[in-house]
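Quick notes on the structure that follows.
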Amino acid sequence: MRFAYSSIQTRQEAGVLFATLDAGPLNLLGVDLVRDLVSLVDTLYTDPGDVRVVVIDSASAEFFSAHVDLTAVPQYTAEAAKAGGPGDASLGMFLYKLAHVPVITIAKVRGRARGGGSELALACDMIFAARENAIFGQFESGTGALPGAGGLQHLARRLGRTRAIEVITGADDFDADLAERYGWINRALPDAELDGFVERLAERIAGFPPEGVKAAKRAINNLTLPDQANVRSDSAMFLGLVSLPETRERLDYLASRGLHTPGELERDLGKAVAEFR
């Protein structure tokens, strides 16, 4: 068992693996971070040792993960394919594998979790977020695309039809309190209480007999998670839509204003996608 990565900091305590995303100020889901996440998930399947719970958070106070690296879609897709082979070459199918990993996974969110960053959190078993600063968003419709890595599937199931349509087609930002009310996340907690709450819960679960916990997760997954065919379909639609001229025009416009770089546009991306001229 070895948990050592270039873009993820790790530490282990009492059956809990804390995995902190550290891939630059935005934590873009690009080649390096996807490669390391694939390696982490593979180890959790094949040689988890005494790890029973994984907590995923961010080294950045402003960004849990801004979104995928839209300049490197083929490259990070090639890394994601290593999780399941060329037939499942998509970030969506990798996150599908993460959702089924045989340990409990918790996303602890401070800052912005948008697009693929939101989908990474949604692939975890639970999401807890800082009330003062966590922001969630699926901005893809604002560019002419759709959530292609499981966000559509998870949000339709968590939020219900009408709220999922609002979230996905409205492409706006949701603060932690509203995300909690909608069912996007488990709880919004005061920032000062977030770490302690998540650590206590993770250690509590890690202290229970593991076979019962695994069986409960498998049973709940069977009732609530999407089929592989649905995830594959969303991924294919995303890849088709991001290649359309109108989508490329909007992405180029956002890039000219600071997409993929720390700054005002990435902080207020939910607002920016509605300002195309």
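Chain identifiers are assigned as A, B, and so on, following the order in which chains appear in the structure tokens; residues are numbered from 1 within each chain, and ligands are numbered from 1 in order of appearance.
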**OP:** Show which residues sit within 12 Å of Leu265 of chain A, as a list in words. Count only C-alpha atoms, and ignore same-chain residues fewer than 6 positions away.
**Re:**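 Within the cut-off, the hits are Leu26, Ala66, Tyr253, Leu254, Ala255, Ser256, Arg257, Gly258, Leu259, Lys271, Ala272, Val273, Ala274 and Glu275 of chain A.
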Residues of the last selection are to be written out with N, CA, C and O atoms, as a short mmCIF file (atom, residue, chain, number, x, y, z; two decimals), in the first residue's frame.
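Generated file (again_16.cif):
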```
data_model
loop_
_atom_site.label_atom_id
_atom_site.label_comp_id
_atom_site.auth_asym_id
_atom_site.auth_seq_id
_atom_site.Cartn_x
_atom_site.Cartn_y
_atom_site.Cartn_z
N LEU A 26 -6.24 26.63 -8.65
CA LEU A 26 -7.61 26.31 -9.06
C LEU A 26 -7.95 24.83 -8.90
O LEU A 26 -9.12 24.45 -9.00
N ALA A 66 -11.96 23.99 -9.46
CA ALA A 66 -12.71 24.96 -10.26
C ALA A 66 -13.54 24.29 -11.34
O ALA A 66 -14.70 24.63 -11.56
N TYR A 253 -14.30 33.11 -25.48
CA TYR A 253 -14.62 34.39 -24.86
C TYR A 253 -14.27 34.37 -23.38
O TYR A 253 -13.63 35.30 -22.86
N LEU A 254 -14.65 33.28 -22.69
CA LEU A 254 -14.32 33.17 -21.27
C LEU A 254 -12.81 33.09 -21.07
O LEU A 254 -12.28 33.68 -20.12
N ALA A 255 -12.13 32.38 -21.95
CA ALA A 255 -10.68 32.28 -21.84
C ALA A 255 -10.02 33.65 -21.98
O ALA A 255 -9.04 33.97 -21.28
N SER A 256 -10.57 34.49 -22.86
CA SER A 256 -10.00 35.82 -23.05
C SER A 256 -10.19 36.70 -21.83
O SER A 256 -9.47 37.69 -21.65
N ARG A 257 -11.14 36.34 -20.98
CA ARG A 257 -11.42 37.11 -19.77
C ARG A 257 -10.78 36.50 -18.52
O ARG A 257 -10.93 37.05 -17.44
N GLY A 258 -10.11 35.34 -18.67
CA GLY A 258 -9.40 34.80 -17.51
C GLY A 258 -9.78 33.40 -17.09
O GLY A 258 -9.39 32.97 -15.99
N LEU A 259 -10.52 32.65 -17.92
CA LEU A 259 -10.81 31.26 -17.59
C LEU A 259 -9.49 30.50 -17.45
O LEU A 259 -8.54 30.72 -18.20
N LYS A 271 -21.76 33.96 -12.70
CA LYS A 271 -22.20 35.23 -13.26
C LYS A 271 -21.63 35.45 -14.66
O LYS A 271 -22.33 35.90 -15.58
N ALA A 272 -20.37 35.09 -14.85
CA ALA A 272 -19.67 35.40 -16.11
C ALA A 272 -20.27 34.66 -17.30
O ALA A 272 -20.28 35.20 -18.41
N VAL A 273 -20.75 33.42 -17.10
CA VAL A 273 -21.26 32.67 -18.26
C VAL A 273 -22.51 33.30 -18.85
O VAL A 273 -22.87 33.02 -20.00
N ALA A 274 -23.18 34.16 -18.10
CA ALA A 274 -24.39 34.83 -18.61
C ALA A 274 -24.09 36.18 -19.23
O ALA A 274 -24.99 36.89 -19.67
N GLU A 275 -22.80 36.54 -19.31
CA GLU A 275 -22.42 37.87 -19.80
C GLU A 275 -21.80 37.83 -21.19
O GLU A 275 -21.12 38.76 -21.59
#
```
Original post:
If you run DSSP on this backbone, which residues of segment 5-224 of chain A come out as helix (DSSP H, G or I), and could you give them as a PyMOL selection string?
Top reply: chain A and resi 31-46+73-81+86-88+91-99+116-123+140-143+151-159+161-170+176-182+191-206+210-224
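For the choices A:Ile185, A:Ala72, A:Val103, A:Ala192, the atom-to-atom distance to Ala216 of chain A is smallest for A:Val103 when using only C-alpha atoms.
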Subject >> Spatial neighbours of Gly160 of chain A, max dist 10 Å, only C-alpha atoms, sep filter under 5 positions, as a PyMOL selection string >> reply: chain A and resi 154-155+165+182-183
Original post:
Using only C-alpha atoms, which residue out of A:Val231, A:Ile106, A:Ile220, A:Val101 lies closest to Gln153 of chain A?
Top reply: A:Val231
**OP:** List the neighbours of segment 32-37 of chain A out to 10 Å using only C-alpha atoms; skip same-chain residues closer than 5 positions along the sequence, and give me the result as JSON, numbers by chain.
**Re:** {"A": [3, 4, 5, 6, 7, 8, 19, 21, 22, 23, 24, 27, 42, 43, 68, 75, 76, 77, 78, 79, 80, 81, 82, 83, 91, 94, 95, 98]}
As a PDB file with C-alpha atoms, in the first residue's frame, please: the residues near Phe64 of chain A (cut-off 10 Å, only C-alpha atoms, same-chain neighbours under 6 positions excluded).
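Just written: selection-v7.pdb:
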```
ATOM      1  CA  THR A  20      -5.834  17.026  -0.076  1.00  0.00           C
ATOM      2  CA  LEU A  21      -5.987  18.214  -3.688  1.00  0.00           C
ATOM      3  CA  ASP A  22      -2.937  20.357  -4.402  1.00  0.00           C
ATOM      4  CA  PRO A  25      -4.561  27.511  -7.078  1.00  0.00           C
ATOM      5  CA  LEU A  26      -7.615  26.309  -9.060  1.00  0.00           C
ATOM      6  CA  ASN A  27      -7.158  22.541  -8.635  1.00  0.00           C
ATOM      7  CA  LEU A  28      -8.165  22.048 -12.262  1.00  0.00           C
ATOM      8  CA  ILE A  56     -11.041  14.607   0.056  1.00  0.00           C
ATOM      9  CA  ASP A  57     -10.435  18.327   0.509  1.00  0.00           C
ATOM     10  CA  SER A  58      -8.329  21.085  -1.039  1.00  0.00           C
ATOM     11  CA  ALA A 107     -15.807  15.478   0.186  1.00  0.00           C
ATOM     12  CA  LYS A 108     -14.974  18.370   2.530  1.00  0.00           C
ATOM     13  CA  VAL A 109     -15.506  21.532   0.512  1.00  0.00           C
ATOM     14  CA  ARG A 110     -14.176  25.008   1.027  1.00  0.00           C
ATOM     15  CA  GLY A 111     -14.269  27.464  -1.854  1.00  0.00           C
ATOM     16  CA  ARG A 112     -15.628  26.748  -5.317  1.00  0.00           C
ATOM     17  CA  ALA A 113     -16.618  23.312  -6.617  1.00  0.00           C
ATOM     18  CA  ARG A 114     -17.869  23.814 -10.149  1.00  0.00           C
ATOM     19  CA  GLY A 117     -15.024  19.785  -9.408  1.00  0.00           C
ATOM     20  CA  SER A 118     -18.657  19.544  -8.377  1.00  0.00           C
ATOM     21  CA  LEU A 120     -15.855  14.925  -8.183  1.00  0.00           C
ATOM     22  CA  ALA A 121     -17.593  15.872  -4.934  1.00  0.00           C
ATOM     23  CA  ALA A 134     -18.299  27.081  -0.310  1.00  0.00           C
ATOM     24  CA  ILE A 135     -19.828  27.578  -3.757  1.00  0.00           C
ATOM     25  CA  PHE A 136     -21.270  24.879  -6.023  1.00  0.00           C
TER      26      PHE A 136
END
```
Original post:
In Å to one decimal, how far is atom CA of Leu159 of chain A from atom CA of Val16 of chain A?
Top reply: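 Distance between the two atoms: 29.1 Å.
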Kindly provide the residues of segment 170-189 of chain A that approach segment 137-144 of chain A to within 12 Å, each paired with its closest atom pair and their distance in Å to one decimal, based on only C-alpha atoms, listed by chain and increasing number, as a Markdown table.
```
| residue | atom | partner | partner_atom | distance |
| --- | --- | --- | --- | --- |
| A:Gly170 | CA | A:Ser141 | CA | 7.3 |
| A:Ala171 | CA | A:Phe139 | CA | 4.1 |
| A:Asp172 | CA | A:Gly137 | CA | 6.0 |
| A:Asp173 | CA | A:Gly137 | CA | 4.7 |
| A:Phe174 | CA | A:Gly137 | CA | 6.1 |
| A:Asp175 | CA | A:Gly137 | CA | 8.9 |
| A:Ala176 | CA | A:Gly137 | CA | 10.6 |
| A:Leu178 | CA | A:Gly137 | CA | 11.4 |
| A:Ala179 | CA | A:Gly137 | CA | 9.4 |
| A:Trp184 | CA | A:Gly137 | CA | 10.1 |
```
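Scanning segment 38-183 of chain A with DSSP on the backbone, the strand (DSSP E) assignments fall on Val53, Val54, Val55, Ile56, Asp57, Ser58, Phe63, Phe64, Ser65, Ile104, Thr105, Ile106, Ala107, Lys108, Val109, Arg112, Ala113, Arg114, Met126, Ile127, Phe128, Ala129, Ala130, Ile135, Phe136, Gly137, Asp173, Phe174 and Asp175 of chain A.
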Write the residues of the preceding selection, restricted to N, CA and C atoms, as a PDB file, in the first residue's frame.
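Wrote again-v7.pdb, looks like this:
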```pdb
ATOM      1  N   VAL A  53     -12.022   4.892   5.381  1.00  0.00           N
ATOM      2  CA  VAL A  53     -12.705   6.136   5.012  1.00  0.00           C
ATOM      3  C   VAL A  53     -11.670   7.049   4.354  1.00  0.00           C
ATOM      4  N   VAL A  54     -12.082   7.732   3.285  1.00  0.00           N
ATOM      5  CA  VAL A  54     -11.228   8.722   2.621  1.00  0.00           C
ATOM      6  C   VAL A  54     -11.928  10.079   2.673  1.00  0.00           C
ATOM      7  N   VAL A  55     -11.208  11.088   3.128  1.00  0.00           N
ATOM      8  CA  VAL A  55     -11.702  12.467   3.150  1.00  0.00           C
ATOM      9  C   VAL A  55     -10.932  13.252   2.093  1.00  0.00           C
ATOM     10  N   ILE A  56     -11.656  13.821   1.125  1.00  0.00           N
ATOM     11  CA  ILE A  56     -11.041  14.607   0.056  1.00  0.00           C
ATOM     12  C   ILE A  56     -11.329  16.082   0.298  1.00  0.00           C
ATOM     13  N   ASP A  57     -10.262  16.881   0.384  1.00  0.00           N
ATOM     14  CA  ASP A  57     -10.435  18.327   0.509  1.00  0.00           C
ATOM     15  C   ASP A  57      -9.406  19.016  -0.372  1.00  0.00           C
ATOM     16  N   SER A  58      -9.188  20.303  -0.156  1.00  0.00           N
ATOM     17  CA  SER A  58      -8.329  21.085  -1.039  1.00  0.00           C
ATOM     18  C   SER A  58      -7.311  21.879  -0.247  1.00  0.00           C
ATOM     19  N   PHE A  63     -10.673  27.390  -3.875  1.00  0.00           N
ATOM     20  CA  PHE A  63     -11.156  26.438  -4.864  1.00  0.00           C
ATOM     21  C   PHE A  63     -10.964  25.012  -4.379  1.00  0.00           C
ATOM     22  N   PHE A  64     -12.074  24.301  -4.175  1.00  0.00           N
ATOM     23  CA  PHE A  64     -12.007  22.852  -4.010  1.00  0.00           C
ATOM     24  C   PHE A  64     -11.507  22.261  -5.321  1.00  0.00           C
ATOM     25  N   SER A  65     -12.200  22.537  -6.394  1.00  0.00           N
ATOM     26  CA  SER A  65     -11.740  22.278  -7.761  1.00  0.00           C
ATOM     27  C   SER A  65     -12.604  23.110  -8.684  1.00  0.00           C
ATOM     28  N   ILE A 104     -15.687   4.245   2.395  1.00  0.00           N
ATOM     29  CA  ILE A 104     -16.536   5.427   2.465  1.00  0.00           C
ATOM     30  C   ILE A 104     -15.717   6.645   2.032  1.00  0.00           C
ATOM     31  N   THR A 105     -16.313   7.500   1.211  1.00  0.00           N
ATOM     32  CA  THR A 105     -15.639   8.704   0.733  1.00  0.00           C
ATOM     33  C   THR A 105     -16.423   9.946   1.129  1.00  0.00           C
ATOM     34  N   ILE A 106     -15.706  10.955   1.606  1.00  0.00           N
ATOM     35  CA  ILE A 106     -16.320  12.205   2.053  1.00  0.00           C
ATOM     36  C   ILE A 106     -15.605  13.363   1.375  1.00  0.00           C
ATOM     37  N   ALA A 107     -16.363  14.239   0.720  1.00  0.00           N
ATOM     38  CA  ALA A 107     -15.807  15.478   0.186  1.00  0.00           C
ATOM     39  C   ALA A 107     -16.016  16.582   1.217  1.00  0.00           C
ATOM     40  N   LYS A 108     -14.927  17.239   1.586  1.00  0.00           N
ATOM     41  CA  LYS A 108     -14.974  18.370   2.530  1.00  0.00           C
ATOM     42  C   LYS A 108     -14.637  19.618   1.716  1.00  0.00           C
ATOM     43  N   VAL A 109     -15.632  20.471   1.515  1.00  0.00           N
ATOM     44  CA  VAL A 109     -15.506  21.532   0.512  1.00  0.00           C
ATOM     45  C   VAL A 109     -15.410  22.910   1.148  1.00  0.00           C
ATOM     46  N   ARG A 112     -14.760  27.035  -4.180  1.00  0.00           N
ATOM     47  CA  ARG A 112     -15.628  26.748  -5.317  1.00  0.00           C
ATOM     48  C   ARG A 112     -15.450  25.318  -5.817  1.00  0.00           C
ATOM     49  N   ALA A 113     -16.579  24.646  -6.017  1.00  0.00           N
ATOM     50  CA  ALA A 113     -16.618  23.312  -6.617  1.00  0.00           C
ATOM     51  C   ALA A 113     -17.582  23.394  -7.791  1.00  0.00           C
ATOM     52  N   ARG A 114     -17.024  23.617  -8.968  1.00  0.00           N
ATOM     53  CA  ARG A 114     -17.869  23.814 -10.149  1.00  0.00           C
ATOM     54  C   ARG A 114     -17.525  22.781 -11.227  1.00  0.00           C
ATOM     55  N   MET A 126     -20.518  11.361   0.610  1.00  0.00           N
ATOM     56  CA  MET A 126     -21.073  12.476   1.376  1.00  0.00           C
ATOM     57  C   MET A 126     -20.323  13.748   1.031  1.00  0.00           C
ATOM     58  N   ILE A 127     -21.016  14.891   1.170  1.00  0.00           N
ATOM     59  CA  ILE A 127     -20.388  16.197   0.968  1.00  0.00           C
ATOM     60  C   ILE A 127     -20.754  17.091   2.147  1.00  0.00           C
ATOM     61  N   PHE A 128     -19.734  17.645   2.783  1.00  0.00           N
ATOM     62  CA  PHE A 128     -19.925  18.648   3.830  1.00  0.00           C
ATOM     63  C   PHE A 128     -19.152  19.888   3.413  1.00  0.00           C
ATOM     64  N   ALA A 129     -19.718  21.063   3.679  1.00  0.00           N
ATOM     65  CA  ALA A 129     -19.150  22.295   3.126  1.00  0.00           C
ATOM     66  C   ALA A 129     -19.163  23.424   4.137  1.00  0.00           C
ATOM     67  N   ALA A 130     -18.210  24.345   3.954  1.00  0.00           N
ATOM     68  CA  ALA A 130     -18.107  25.524   4.811  1.00  0.00           C
ATOM     69  C   ALA A 130     -19.181  26.535   4.431  1.00  0.00           C
ATOM     70  N   ILE A 135     -18.970  27.265  -2.617  1.00  0.00           N
ATOM     71  CA  ILE A 135     -19.828  27.578  -3.757  1.00  0.00           C
ATOM     72  C   ILE A 135     -19.880  26.355  -4.664  1.00  0.00           C
ATOM     73  N   PHE A 136     -21.088  26.008  -5.125  1.00  0.00           N
ATOM     74  CA  PHE A 136     -21.270  24.879  -6.023  1.00  0.00           C
ATOM     75  C   PHE A 136     -21.919  25.362  -7.315  1.00  0.00           C
ATOM     76  N   GLY A 137     -21.507  24.773  -8.441  1.00  0.00           N
ATOM     77  CA  GLY A 137     -22.103  25.174  -9.706  1.00  0.00           C
ATOM     78  C   GLY A 137     -21.818  24.185 -10.810  1.00  0.00           C
ATOM     79  N   ASP A 173     -24.319  29.882  -9.695  1.00  0.00           N
ATOM     80  CA  ASP A 173     -23.653  29.442  -8.476  1.00  0.00           C
ATOM     81  C   ASP A 173     -24.657  29.279  -7.342  1.00  0.00           C
ATOM     82  N   PHE A 174     -24.384  28.304  -6.466  1.00  0.00           N
ATOM     83  CA  PHE A 174     -25.206  28.045  -5.288  1.00  0.00           C
ATOM     84  C   PHE A 174     -24.313  28.075  -4.066  1.00  0.00           C
ATOM     85  N   ASP A 175     -24.669  28.904  -3.085  1.00  0.00           N
ATOM     86  CA  ASP A 175     -23.882  28.901  -1.852  1.00  0.00           C
ATOM     87  C   ASP A 175     -24.210  27.652  -1.040  1.00  0.00           C
TER      88      ASP A 175
END
```
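Coordinates place atom CA of Pro48 of chain A at a distance of 21.7 Å from atom CA of Leu122 of chain A.
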Original post:
So which one's closest to Ser235 of chain A, A:Asp88, A:Glu13, A:Glu266, A:Glu199? Using only C-alpha atoms, please.
Top reply: A:Asp88
Original post:
Using only C-alpha atoms, which of A:Gly49, A:Leu152, A:Ala14, A:Gly30 sits nearest His67 of chain A?
Top reply: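 Between A:Gly49, A:Leu152, A:Ala14, A:Gly30, the residue approaching His67 of chain A most closely is A:Gly30.
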Original post:
A:Ala236, A:Pro102, A:Lys214, A:Leu225: which is nearest Ala89 of chain A, counting only C-alpha atoms?
Top reply: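 Once distances to Ala89 of chain A are computed over only C-alpha atoms, the minimum belongs to A:Ala236.
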Original post:
So how many Å separate atom CA of Pro262 of chain A and atom CA of Ala61 of chain A, to one decimal?
Top reply: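 Distance reported for this atom pair: 12.1 Å.
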Subject >> Of the listed residues A:Thr71, A:Gly15, A:Gly92, A:Ala145, that which approaches Val242 of chain A most closely, counting only C-alpha atoms >> reply: A:Ala145
